[in-house]
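To be precise, the following lines are coords.cif, and they hold mmCIF, C-alpha atoms and all ligand atoms.
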data_query
loop_
_atom_site.group_PDB
_atom_site.id
_atom_site.type_symbol
_atom_site.label_atom_id
_atom_site.label_comp_id
_atom_site.auth_asym_id
_atom_site.auth_seq_id
_atom_site.Cartn_x
_atom_site.Cartn_y
_atom_site.Cartn_z
ATOM 1 C CA MET A 6 66.065 51.022 87.606
ATOM 2 C CA GLY A 7 64.157 47.826 88.047
ATOM 3 C CA ILE A 8 61.483 45.480 86.893
ATOM 4 C CA LEU A 9 58.219 47.183 86.067
ATOM 5 C CA ARG A 10 55.739 44.430 85.344
ATOM 6 C CA LEU A 11 54.789 41.315 83.448
ATOM 7 C CA ALA A 12 54.925 41.977 79.692
ATOM 8 C CA HIS A 13 53.944 38.725 78.000
ATOM 9 C CA ILE A 14 53.724 34.959 78.295
ATOM 10 C CA ASP A 15 54.653 32.642 75.406
ATOM 11 C CA VAL A 16 53.021 29.204 75.340
ATOM 12 C CA ARG A 17 52.528 26.176 73.093
ATOM 13 C CA THR A 18 49.196 24.547 72.308
ATOM 14 C CA PRO A 19 48.346 21.399 70.338
ATOM 15 C CA ASP A 20 45.228 22.994 68.760
ATOM 16 C CA LEU A 21 45.850 26.594 67.804
ATOM 17 C CA ASP A 22 42.483 27.066 66.081
ATOM 18 C CA LEU A 23 40.509 25.807 69.084
ATOM 19 C CA ALA A 24 42.676 27.833 71.470
ATOM 20 C CA THR A 25 42.231 30.942 69.313
ATOM 21 C CA ALA A 26 38.446 30.496 69.267
ATOM 22 C CA TYR A 27 38.435 30.197 73.072
ATOM 23 C CA TYR A 28 40.819 33.105 73.774
ATOM 24 C CA THR A 29 38.923 35.444 71.427
ATOM 25 C CA GLU A 30 35.279 34.379 71.924
ATOM 26 C CA VAL A 31 35.198 33.160 75.540
ATOM 27 C CA MET A 32 38.094 34.998 77.185
ATOM 28 C CA GLY A 33 37.412 37.938 74.890
ATOM 29 C CA LEU A 34 40.967 38.896 73.950
ATOM 30 C CA GLN A 35 41.895 40.810 70.820
ATOM 31 C CA GLN A 36 43.681 38.738 68.179
ATOM 32 C CA VAL A 37 46.575 40.948 67.102
ATOM 33 C CA GLN A 38 48.322 38.927 64.443
ATOM 34 C CA ARG A 39 48.760 35.402 63.091
ATOM 35 C CA THR A 40 52.124 34.490 61.573
ATOM 36 C CA ASN A 41 53.753 31.358 60.241
ATOM 37 C CA ASP A 42 57.509 31.598 60.125
ATOM 38 C CA ALA A 43 60.125 28.883 59.861
ATOM 39 C CA GLU A 44 61.290 29.084 63.471
ATOM 40 C CA LEU A 45 58.031 29.392 65.460
ATOM 41 C CA GLY A 46 55.533 27.862 63.045
ATOM 42 C CA ASP A 47 51.857 28.813 63.250
ATOM 43 C CA THR A 48 51.618 31.530 65.919
ATOM 44 C CA VAL A 49 48.872 33.831 67.214
ATOM 45 C CA TYR A 50 49.427 37.007 69.262
ATOM 46 C CA PHE A 51 46.728 38.228 71.649
ATOM 47 C CA LYS A 52 46.204 41.269 73.868
ATOM 48 C CA CYS A 53 43.530 42.670 76.171
ATOM 49 C CA TRP A 54 41.494 45.686 75.121
ATOM 50 C CA ASP A 55 43.209 48.141 77.497
ATOM 51 C CA GLU A 56 46.788 46.989 76.954
ATOM 52 C CA GLU A 57 49.206 49.325 75.211
ATOM 53 C CA ASP A 58 51.884 46.837 74.128
ATOM 54 C CA HIS A 59 51.755 44.773 70.946
ATOM 55 C CA HIS A 60 50.658 41.626 72.808
ATOM 56 C CA SER A 61 50.543 39.971 76.225
ATOM 57 C CA LEU A 62 50.107 36.371 75.047
ATOM 58 C CA ARG A 63 51.865 34.455 72.295
ATOM 59 C CA MET A 64 50.511 31.009 71.445
ATOM 60 C CA ARG A 65 52.136 28.750 68.900
ATOM 61 C CA TYR A 66 51.182 25.357 67.599
ATOM 62 C CA ASN A 67 53.152 22.487 69.095
ATOM 63 C CA PRO A 68 52.026 18.921 69.855
ATOM 64 C CA ARG A 69 53.064 19.433 73.482
ATOM 65 C CA THR A 70 51.344 22.041 75.639
ATOM 66 C CA GLY A 71 53.802 24.107 77.667
ATOM 67 C CA MET A 72 55.390 27.439 78.338
ATOM 68 C CA ASP A 73 58.206 28.661 76.074
ATOM 69 C CA SER A 74 59.085 31.653 78.242
ATOM 70 C CA PHE A 75 57.747 34.659 80.122
ATOM 71 C CA THR A 76 58.859 38.255 79.784
ATOM 72 C CA PHE A 77 59.012 41.166 82.212
ATOM 73 C CA ARG A 78 59.541 44.788 81.212
ATOM 74 C CA VAL A 79 62.298 46.831 82.834
ATOM 75 C CA GLU A 80 62.055 50.543 83.600
ATOM 76 C CA HIS A 81 65.018 51.889 81.581
ATOM 77 C CA GLU A 82 66.830 50.785 78.455
ATOM 78 C CA ASP A 83 70.157 50.625 80.346
ATOM 79 C CA ASP A 84 68.687 48.245 82.938
ATOM 80 C CA LEU A 85 69.320 45.347 80.552
ATOM 81 C CA HIS A 86 73.100 45.869 80.908
ATOM 82 C CA VAL A 87 72.833 46.032 84.682
ATOM 83 C CA TYR A 88 70.750 42.844 84.826
ATOM 84 C CA GLU A 89 73.069 41.098 82.373
ATOM 85 C CA LYS A 90 75.924 41.690 84.820
ATOM 86 C CA LYS A 91 73.896 40.778 87.931
ATOM 87 C CA LEU A 92 72.729 37.559 86.283
ATOM 88 C CA ALA A 93 76.256 36.643 85.177
ATOM 89 C CA ASP A 94 77.514 37.283 88.743
ATOM 90 C CA TYR A 95 74.800 34.949 90.016
ATOM 91 C CA GLY A 96 76.012 32.303 87.575
ATOM 92 C CA ALA A 97 73.155 32.369 85.079
ATOM 93 C CA GLN A 98 73.799 31.890 81.360
ATOM 94 C CA VAL A 99 72.466 35.010 79.685
ATOM 95 C CA SER A 100 71.839 35.390 75.960
ATOM 96 C CA ARG A 101 70.857 38.483 73.999
ATOM 97 C CA VAL A 102 67.916 38.430 71.629
ATOM 98 C CA SER A 103 68.373 41.143 69.013
ATOM 99 C CA LYS A 104 65.822 43.525 67.583
ATOM 100 C CA GLY A 105 63.957 41.863 64.741
ATOM 101 C CA GLU A 106 64.142 38.353 66.203
ATOM 102 C CA ALA A 107 60.840 38.539 68.087
ATOM 103 C CA VAL A 108 57.524 40.083 67.011
ATOM 104 C CA GLY A 109 56.520 43.148 69.040
ATOM 105 C CA GLN A 110 59.757 43.713 70.907
ATOM 106 C CA GLY A 111 63.325 44.848 70.406
ATOM 107 C CA GLU A 112 66.464 43.749 72.182
ATOM 108 C CA SER A 113 66.007 41.518 75.220
ATOM 109 C CA ILE A 114 67.987 39.205 77.481
ATOM 110 C CA ARG A 115 67.080 35.557 78.139
ATOM 111 C CA PHE A 116 68.069 33.252 80.929
ATOM 112 C CA GLU A 117 66.870 30.294 82.931
ATOM 113 C CA VAL A 118 65.553 31.014 86.434
ATOM 114 C CA PRO A 119 66.641 28.596 89.226
ATOM 115 C CA SER A 120 63.307 26.757 88.967
ATOM 116 C CA GLY A 121 63.929 26.002 85.279
ATOM 117 C CA GLN A 122 61.575 28.386 83.437
ATOM 118 C CA ILE A 123 62.985 30.580 80.659
ATOM 119 C CA MET A 124 62.612 34.270 81.446
ATOM 120 C CA GLU A 125 63.217 37.370 79.342
ATOM 121 C CA LEU A 126 63.732 40.992 80.282
ATOM 122 C CA VAL A 127 62.906 43.655 77.733
ATOM 123 C CA TRP A 128 62.593 47.408 77.650
ATOM 124 C CA ASP A 129 61.877 48.051 73.959
ATOM 125 C CA VAL A 130 58.308 46.885 73.385
ATOM 126 C CA GLU A 131 56.202 47.904 70.395
ATOM 127 C CA LYS A 132 53.488 50.258 71.676
ATOM 128 C CA THR A 133 50.419 49.722 69.541
ATOM 129 C CA GLY A 134 47.951 51.293 72.002
ATOM 130 C CA ASN A 135 44.696 50.113 73.511
ATOM 131 C CA ILE A 136 41.467 49.949 71.521
ATOM 132 C CA LEU A 137 40.180 53.272 72.922
ATOM 133 C CA GLY A 138 42.884 55.465 71.421
ATOM 134 C CA LYS A 139 44.375 58.623 72.931
ATOM 135 C CA SER A 140 42.073 61.251 71.466
ATOM 136 C CA ASN A 141 38.926 61.865 73.547
ATOM 137 C CA PRO A 142 38.873 58.202 74.573
ATOM 138 C CA SER A 143 35.703 56.642 75.899
ATOM 139 C CA PRO A 144 36.163 55.342 79.444
ATOM 140 C CA VAL A 145 34.744 51.948 78.560
ATOM 141 C CA PRO A 146 35.222 49.511 75.707
ATOM 142 C CA PRO A 147 32.436 48.905 73.174
ATOM 143 C CA PRO A 148 29.573 47.102 74.973
ATOM 144 C CA ASP A 149 29.504 44.329 72.385
ATOM 145 C CA LEU A 150 32.998 42.913 72.998
ATOM 146 C CA PRO A 151 32.596 39.129 73.085
ATOM 147 C CA GLY A 152 33.389 36.985 76.108
ATOM 148 C CA ILE A 153 34.868 38.004 79.448
ATOM 149 C CA ALA A 154 36.981 40.768 77.858
ATOM 150 C CA PRO A 155 39.407 41.584 80.688
ATOM 151 C CA PRO A 156 41.155 44.958 80.395
ATOM 152 C CA ARG A 157 44.620 43.507 81.076
ATOM 153 C CA MET A 158 46.757 40.613 82.167
ATOM 154 C CA ASP A 159 47.554 40.776 85.887
ATOM 155 C CA HIS A 160 50.010 38.135 87.114
ATOM 156 C CA MET A 161 51.364 34.644 86.659
ATOM 157 C CA LEU A 162 52.311 31.733 88.868
ATOM 158 C CA VAL A 163 55.145 29.281 88.265
ATOM 159 C CA ASN A 164 56.152 26.196 90.223
ATOM 160 C CA ALA A 165 59.513 25.516 91.867
ATOM 161 C CA GLU A 166 60.942 22.506 93.664
ATOM 162 C CA GLU A 167 62.958 24.888 95.858
ATOM 163 C CA VAL A 168 60.679 27.879 96.403
ATOM 164 C CA GLY A 169 63.207 29.544 98.724
ATOM 165 C CA GLU A 170 65.978 29.453 96.139
ATOM 166 C CA ALA A 171 63.687 30.818 93.413
ATOM 167 C CA ALA A 172 62.376 33.531 95.750
ATOM 168 C CA ARG A 173 65.907 34.663 96.645
ATOM 169 C CA PHE A 174 66.743 34.880 92.941
ATOM 170 C CA PHE A 175 63.693 37.016 92.151
ATOM 171 C CA GLN A 176 64.359 39.256 95.159
ATOM 172 C CA ASP A 177 68.167 39.540 95.240
ATOM 173 C CA VAL A 178 69.057 39.349 91.538
ATOM 174 C CA LEU A 179 65.945 40.812 89.897
ATOM 175 C CA GLY A 180 64.856 43.143 92.716
ATOM 176 C CA LEU A 181 61.230 42.103 93.071
ATOM 177 C CA ARG A 182 59.589 42.697 96.474
ATOM 178 C CA LEU A 183 58.183 39.880 98.584
ATOM 179 C CA THR A 184 54.629 40.693 99.708
ATOM 180 C CA GLU A 185 53.345 37.380 101.142
ATOM 181 C CA GLN A 186 54.758 33.938 101.888
ATOM 182 C CA VAL A 187 53.601 30.529 103.121
ATOM 183 C CA LEU A 188 55.991 28.762 105.489
ATOM 184 C CA ASP A 189 56.054 25.105 106.505
ATOM 185 C CA GLY A 190 56.684 24.029 110.108
ATOM 186 C CA ASN A 191 60.458 24.255 109.569
ATOM 187 C CA GLY A 192 60.290 27.809 108.247
ATOM 188 C CA HIS A 193 60.813 26.800 104.617
ATOM 189 C CA GLN A 194 58.929 28.747 101.983
ATOM 190 C CA LEU A 195 56.154 26.775 100.250
ATOM 191 C CA GLY A 196 54.875 29.751 98.303
ATOM 192 C CA VAL A 197 55.863 33.373 97.691
ATOM 193 C CA TRP A 198 54.099 36.372 96.133
ATOM 194 C CA LEU A 199 56.347 38.993 94.510
ATOM 195 C CA ALA A 200 55.728 42.466 93.080
ATOM 196 C CA GLY A 201 57.682 44.575 90.609
ATOM 197 C CA ARG A 202 57.052 48.325 90.473
ATOM 198 C CA THR A 203 53.302 47.841 90.512
ATOM 199 C CA ASN A 204 51.286 48.422 93.678
ATOM 200 C CA SER A 205 49.541 45.084 93.347
ATOM 201 C CA PRO A 206 50.232 42.219 95.752
ATOM 202 C CA HIS A 207 51.863 40.177 92.995
ATOM 203 C CA ASP A 208 53.166 40.240 89.462
ATOM 204 C CA ILE A 209 54.468 36.711 89.878
ATOM 205 C CA ALA A 210 53.987 34.030 92.498
ATOM 206 C CA ILE A 211 56.004 30.858 93.013
ATOM 207 C CA VAL A 212 54.508 27.794 94.654
ATOM 208 C CA ASN A 213 56.036 24.399 95.401
ATOM 209 C CA GLY A 214 55.758 22.030 92.428
ATOM 210 C CA PRO A 215 57.796 20.683 89.533
ATOM 211 C CA ASN A 216 60.565 22.869 88.132
ATOM 212 C CA GLY A 217 59.817 24.419 84.762
ATOM 213 C CA ALA A 218 56.040 24.296 85.209
ATOM 214 C CA LEU A 219 53.484 27.035 84.658
ATOM 215 C CA HIS A 220 50.567 26.909 87.103
ATOM 216 C CA HIS A 221 48.416 29.699 85.603
ATOM 217 C CA TRP A 222 48.279 33.264 84.467
ATOM 218 C CA ALA A 223 45.544 35.672 85.496
ATOM 219 C CA TYR A 224 43.581 38.471 83.884
ATOM 220 C CA TRP A 225 42.455 41.513 85.816
ATOM 221 C CA LEU A 226 38.748 42.324 86.113
ATOM 222 C CA ASP A 227 37.534 45.575 87.632
ATOM 223 C CA ASP A 228 35.250 44.262 90.350
ATOM 224 C CA TRP A 229 33.491 41.314 91.949
ATOM 225 C CA ASP A 230 30.459 41.730 89.725
ATOM 226 C CA HIS A 231 32.671 41.124 86.689
ATOM 227 C CA ILE A 232 33.966 37.939 88.326
ATOM 228 C CA ARG A 233 30.354 36.807 88.750
ATOM 229 C CA LYS A 234 29.626 37.618 85.086
ATOM 230 C CA ALA A 235 32.791 35.783 84.052
ATOM 231 C CA ALA A 236 31.536 32.676 85.885
ATOM 232 C CA ASP A 237 28.273 32.909 83.919
ATOM 233 C CA THR A 238 30.185 33.251 80.636
ATOM 234 C CA LEU A 239 32.414 30.282 81.484
ATOM 235 C CA ALA A 240 29.530 28.038 82.520
ATOM 236 C CA TYR A 241 27.464 29.081 79.488
ATOM 237 C CA ASN A 242 30.330 28.094 77.182
ATOM 238 C CA GLY A 243 30.929 24.777 78.912
ATOM 239 C CA VAL A 244 34.367 25.753 80.204
ATOM 240 C CA GLN A 245 35.681 23.565 83.016
ATOM 241 C CA ILE A 246 35.900 25.626 86.216
ATOM 242 C CA ASP A 247 38.664 24.547 88.592
ATOM 243 C CA GLN A 248 37.822 26.682 91.683
ATOM 244 C CA GLY A 249 35.527 29.550 92.520
ATOM 245 C CA PRO A 250 34.159 32.110 92.162
ATOM 246 C CA THR A 251 35.706 32.672 95.584
ATOM 247 C CA ARG A 252 38.202 34.749 97.505
ATOM 248 C CA HIS A 253 41.896 34.243 98.236
ATOM 249 C CA GLY A 254 43.133 34.844 101.776
ATOM 250 C CA VAL A 255 46.563 35.534 100.285
ATOM 251 C CA THR A 256 46.291 38.844 98.326
ATOM 252 C CA ARG A 257 42.573 39.118 99.412
ATOM 253 C CA GLY A 258 41.692 38.887 95.716
ATOM 254 C CA ASN A 259 38.457 37.531 94.255
ATOM 255 C CA THR A 260 39.058 34.779 91.785
ATOM 256 C CA ILE A 261 37.922 32.000 89.462
ATOM 257 C CA TYR A 262 40.285 29.346 88.072
ATOM 258 C CA PHE A 263 39.357 27.464 84.909
ATOM 259 C CA PHE A 264 40.972 25.557 82.056
ATOM 260 C CA ASP A 265 41.358 26.557 78.436
ATOM 261 C CA PRO A 266 40.224 23.811 76.001
ATOM 262 C CA LEU A 267 43.743 22.342 75.866
ATOM 263 C CA GLY A 268 44.186 22.238 79.640
ATOM 264 C CA ILE A 269 46.107 25.415 80.469
ATOM 265 C CA ARG A 270 44.817 26.976 83.692
ATOM 266 C CA ASN A 271 43.593 30.559 83.515
ATOM 267 C CA GLU A 272 42.438 32.827 86.347
ATOM 268 C CA VAL A 273 40.394 36.008 86.503
ATOM 269 C CA PHE A 274 41.276 38.153 89.483
ATOM 270 C CA THR A 275 40.138 41.381 91.112
ATOM 271 C CA GLY A 276 40.462 43.188 94.407
ATOM 272 C CA GLY A 277 43.543 42.561 96.410
ATOM 273 C CA TYR A 278 45.087 45.406 98.344
ATOM 274 C CA TRP A 279 47.317 48.350 97.503
ATOM 275 C CA VAL A 280 50.955 47.520 98.297
ATOM 276 C CA ASP A 281 53.336 50.265 99.330
ATOM 277 C CA PRO A 282 57.036 49.608 98.652
ATOM 278 C CA ASP A 283 57.785 49.571 102.399
ATOM 279 C CA GLN A 284 54.973 47.198 103.301
ATOM 280 C CA GLU A 285 55.777 44.475 105.810
ATOM 281 C CA ILE A 286 55.621 40.880 104.542
ATOM 282 C CA ILE A 287 52.502 38.849 105.381
ATOM 283 C CA THR A 288 53.198 35.266 106.474
ATOM 284 C CA TRP A 289 50.837 32.269 106.333
ATOM 285 C CA THR A 290 51.462 29.036 108.164
ATOM 286 C CA GLU A 291 51.038 25.690 106.390
ATOM 287 C CA GLN A 292 48.092 24.852 108.722
ATOM 288 C CA GLU A 293 46.192 27.976 107.600
ATOM 289 C CA PHE A 294 47.137 27.700 103.913
ATOM 290 C CA GLY A 295 43.651 26.342 103.046
ATOM 291 C CA LYS A 296 42.208 29.744 103.995
ATOM 292 C CA GLY A 297 45.113 31.485 102.295
ATOM 293 C CA LEU A 298 44.268 29.712 99.048
ATOM 294 C CA PHE A 299 40.463 29.756 99.202
ATOM 295 C CA TYR A 300 39.228 31.724 102.165
ATOM 296 C CA TYR A 301 35.600 30.541 102.131
ATOM 297 C CA GLU A 302 36.247 26.875 101.348
ATOM 298 C CA ASN A 303 39.395 26.478 103.466
ATOM 299 C CA ILE A 304 40.695 23.668 101.274
ATOM 300 C CA VAL A 305 44.016 22.732 99.730
ATOM 301 C CA SER A 306 42.667 21.081 96.580
ATOM 302 C CA GLN A 307 44.962 18.399 95.161
ATOM 303 C CA ARG A 308 43.872 19.100 91.571
ATOM 304 C CA PHE A 309 44.655 22.749 92.135
ATOM 305 C CA LEU A 310 48.137 22.057 93.498
ATOM 306 C CA ARG A 311 49.086 19.125 91.254
ATOM 307 C CA MET A 312 47.740 20.158 87.828
ATOM 308 C CA HIS A 313 50.061 22.423 85.883
ATOM 309 C CA THR A 314 51.299 23.046 82.370
HETATM 310 C C1 LIG B 1 47.112 32.783 93.327
HETATM 311 C C2 LIG B 1 46.928 34.215 93.525
HETATM 312 C C3 LIG B 1 48.727 28.370 94.727
HETATM 313 C C4 LIG B 1 48.278 29.722 94.958
HETATM 314 C C5 LIG B 1 47.761 30.527 94.048
HETATM 315 C C6 LIG B 1 47.440 31.899 94.322
HETATM 316 C C7 LIG B 1 48.886 27.804 93.390
HETATM 317 O O1 LIG B 1 46.925 32.367 92.106
HETATM 318 O O2 LIG B 1 46.571 34.873 92.570
HETATM 319 O O3 LIG B 1 47.166 34.704 94.639
HETATM 320 O O4 LIG B 1 48.996 27.678 95.669
HETATM 321 FE FE FE B 2 46.842 33.821 90.634
#
Output the file's structure in the form of structure tokens.
Amino acid sequence: MGILRLAHIDVRTPDLDLATAYYTEVMGLQQVQRTNDAELGDTVYFKCWDEEDHHSLRMRYNPRTGMDSFTFRVEHEDDLHVYEKKLADYGAQVSRVSKGEAVGQGESIRFEVPSGQIMELVWDVEKTGNILGKSNPSPVPPPDLPGIAPPRMDHMLVNAEEVGEAARFFQDVLGLRLTEQVLDGNGHQLGVWLAGRTNSPHDIAIVNGPNGALHHWAYWLDDWDHIRKAADTLAYNGVQIDQGPTRHGVTRGNTIYFFDPLGIRNEVFTGGYWVDPDQEIITWTEQEFGKGLFYYENIVSQRFLRMHT
């Protein structure tokens, strides 16, 4: 049993048309569906070209930018019962979302993580397939896809006032594996990187900051050259770049951070190392965290740490 991977992120934006133009034309995502129901209001679902699930991003109109929730997929249908019990034992309030209540997924469980974000676990996701199909698929997408066009979403980062408490929850209750951590001089965790069943260095990271906040989510690109091309696409379209293109010391990944037109931080990410389940944890000290964040620049940028959604 266990947590497989990040499934989708659900956010609010004060200009859904502008956001949709950016996420389709500049980021190069596929728009899956636009709905307007009584509960959610005007809502757009997006996915990347190589993703199999119905969507990986839900954006709905709301005057206040923010994250509604984030969802991870579990390995087996029965895992939801096991997690429901584990979460109740931990003291979390767990609610069931029934099939039919959310677009693209069946039954799920919802709860608040110790750092205040709303999280869902789901097994039953609607599999709509990638754009290549399963019959003699081409190995590459059509060359004329607009924008950056990442093949898939990779990871997300949330903030926590008590990183240690949040990390213990994700490890002990949800069973994610710690791959890297940043410790202050007293041995307290300032940041943690956690993996599900993937072999990537992180599916979610948690860094010190206000409870409930979303710092960014990241899309995977296949290599450094695609990161360079993404920087060209971003600059050409007048997108505000936050950091990069550069390399992380933590995860070793190549990266660019930038803001969508309504101020949500996005990242494109590649590289990183292959993580085996028995890999020993890598620890960074607070003094070396500048290199951990941005290896070439060796800076702890205040905008980078303080700005969040
Ligand atoms: C990443 C990553 C912070 C560190 C961010 C690191 C916000 O986004 O992908 O490893 O301190
Ligand atoms: Fe990241």
Where does chain A meet ligand FE 2 (chain B) within 8 Å, residue by residue, with the nearest atom pair and distance in Å to one decimal for each, counting all atoms listed in the file, listed by chain and rising number, as JSON lines?
{"residue": "A:His160", "atom": "CA", "partner": "B:FE2", "partner_atom": "FE", "distance": 6.4}
{"residue": "A:Met161", "atom": "CA", "partner": "B:FE2", "partner_atom": "FE", "distance": 6.1}
{"residue": "A:Leu162", "atom": "CA", "partner": "B:FE2", "partner_atom": "FE", "distance": 6.1}
{"residue": "A:Ala210", "atom": "CA", "partner": "B:FE2", "partner_atom": "FE", "distance": 7.4}
{"residue": "A:His221", "atom": "CA", "partner": "B:FE2", "partner_atom": "FE", "distance": 6.7}
{"residue": "A:Trp222", "atom": "CA", "partner": "B:FE2", "partner_atom": "FE", "distance": 6.4}
{"residue": "A:Ala223", "atom": "CA", "partner": "B:FE2", "partner_atom": "FE", "distance": 5.6}
{"residue": "A:Thr260", "atom": "CA", "partner": "B:FE2", "partner_atom": "FE", "distance": 7.9}
{"residue": "A:Glu272", "atom": "CA", "partner": "B:FE2", "partner_atom": "FE", "distance": 6.2}
{"residue": "A:Val273", "atom": "CA", "partner": "B:FE2", "partner_atom": "FE", "distance": 8.0}
{"residue": "A:Phe274", "atom": "CA", "partner": "B:FE2", "partner_atom": "FE", "distance": 7.1}
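Every residue having at least one atom no farther than 7 Å from ligand LIG 1 (chain B) is included below, with all atoms listed in the file taken into account: A:Leu162, A:Gly196, A:Val212, A:His220, A:His253, A:Val255, A:Thr256, A:Gly258, A:Phe274, A:Leu298, A:Phe309, A:Leu310.
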Please write as a VMD selection string the list of polymer residues whose atoms come within 9 Å of (42.9, 40.2, 78.6), counting only C-alpha atoms and keeping to the coordinates of the file.
chain A and resid 28 32 to 35 51 to 56 61 to 62 153 to 159 223 to 226
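When all atoms listed in the file are used to measure the gap to A:Phe77, the shortest distance among A:Ala93, A:His13, A:Gln38, A:Ser100 belongs to A:His13.
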Surrounding residues of stretch 107-110 of chain A excluding itself and chain neighbours under 5 positions, 12 Å, all atoms listed in the file, as a PyMOL selection string
chain A and resi 12-13+15+37-42+44-45+48-52+57-63+76-78+101-102+125-133
Distance of atom CA of A:Val16 from atom CA of A:Phe299, expressed in Å to one decimal place
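Computing the Euclidean distance for atom CA of A:Phe299 and atom CA of A:Val16 yields 27.0 Å.
The closest residue to A:Gln176, picked from A:Gly268, A:Gly201, A:Gly276, A:Pro250 and counting all atoms listed in the file, is A:Gly201.
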Once the PyMOL selection byres (((chain A and resi 17) around 7) and not hetatm) has been evaluated on this model, what residues remain selected, and can you format them as a ChimeraX atom specification?
/A:16,18-19,64-67,69-73
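Using only C-alpha atoms, the protein and nucleic acid residues lying no more than 7 Å from A:Glu291, apart from those fewer than 6 places from it along its own chain, are Val187, Leu188, Asp189 and Gly190 of chain A.
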Writer output for current selection, C-alpha atoms, as a PDB file, in the frame of the given file:
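Written out: again06.pdb:
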ATOM      1  CA  VAL A 187      53.601  30.529 103.121  1.00  0.00           C
ATOM      2  CA  LEU A 188      55.991  28.762 105.489  1.00  0.00           C
ATOM      3  CA  ASP A 189      56.054  25.105 106.505  1.00  0.00           C
ATOM      4  CA  GLY A 190      56.684  24.029 110.108  1.00  0.00           C
TER       5      GLY A 190
END
Counting all atoms listed in the file, which residue out of A:Gly134, A:Gly96, A:Pro146, A:Pro151 sits closest to A:Phe116?
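Between A:Gly134, A:Gly96, A:Pro146, A:Pro151, the residue approaching A:Phe116 most closely is A:Gly96.
Taking atom CA of A:Arg257 and atom CA of A:Tyr300 as the two end points, the separation is 8.6 Å.
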For atom CA of A:Ile209 and atom CA of A:Glu166, quote the distance in Å rounded to one decimal.
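Spanning atom CA of A:Ile209 to atom CA of A:Glu166 is a straight-line distance of 16.1 Å.
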The PyMOL selection byres (((chain A and resi 280) around 7) and not hetatm) resolved against shown file, as an mmCIF file with C-alpha atoms, in the frame of the given file:
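part.cif written:
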data_model
loop_
_atom_site.group_PDB
_atom_site.id
_atom_site.type_symbol
_atom_site.label_atom_id
_atom_site.label_comp_id
_atom_site.auth_asym_id
_atom_site.auth_seq_id
_atom_site.Cartn_x
_atom_site.Cartn_y
_atom_site.Cartn_z
ATOM 1 C CA ASN A 204 51.286 48.422 93.678
ATOM 2 C CA SER A 205 49.541 45.084 93.347
ATOM 3 C CA PRO A 206 50.232 42.219 95.752
ATOM 4 C CA TYR A 278 45.087 45.406 98.344
ATOM 5 C CA TRP A 279 47.317 48.350 97.503
ATOM 6 C CA ASP A 281 53.336 50.265 99.330
ATOM 7 C CA PRO A 282 57.036 49.608 98.652
ATOM 8 C CA GLN A 284 54.973 47.198 103.301
#
Using only C-alpha atoms, give me every residue within 9 Å of (39.5, 18.9, 86.8) in file coordinates, as a list in words.
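Within 9 Å of (39.5, 18.9, 86.8), the protein and nucleic acid residues are Gln245, Ile246, Asp247, Phe263, Phe264, Arg308, Phe309 and Met312 of chain A.
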Extract, using only C-alpha atoms, all DNA, RNA and protein residues at most 10 Å from A:Ala165, discarding same-chain residues fewer than 2 positions from it, and format them as number ranges by chain.
A: 118-122, 162-163, 167-172, 195-196, 211-219
Which residues, written as a list in words, have at least one atom at most 7 Å from stretch 6-10 of chain A, with all atoms listed in the file counted and residues fewer than 4 positions away on the same chain left out?
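In the requested format, the answer is Phe77, Arg78, Val79, Glu80, His81, Asp84, Gly180, Gly201, Arg202, Thr203 and Asp208 of chain A.
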For A:Gly111, the nearest of the candidates A:Ile232, A:Leu85, A:Val197, A:Leu150, counting all atoms listed in the file:
A:Leu85
What's the 12 Å shell around A:Gly243, counting only C-alpha atoms, without same-chain residues fewer than 4 positions away, as a PyMOL selection string?
chain A and resi 27+31+236-239+263-266
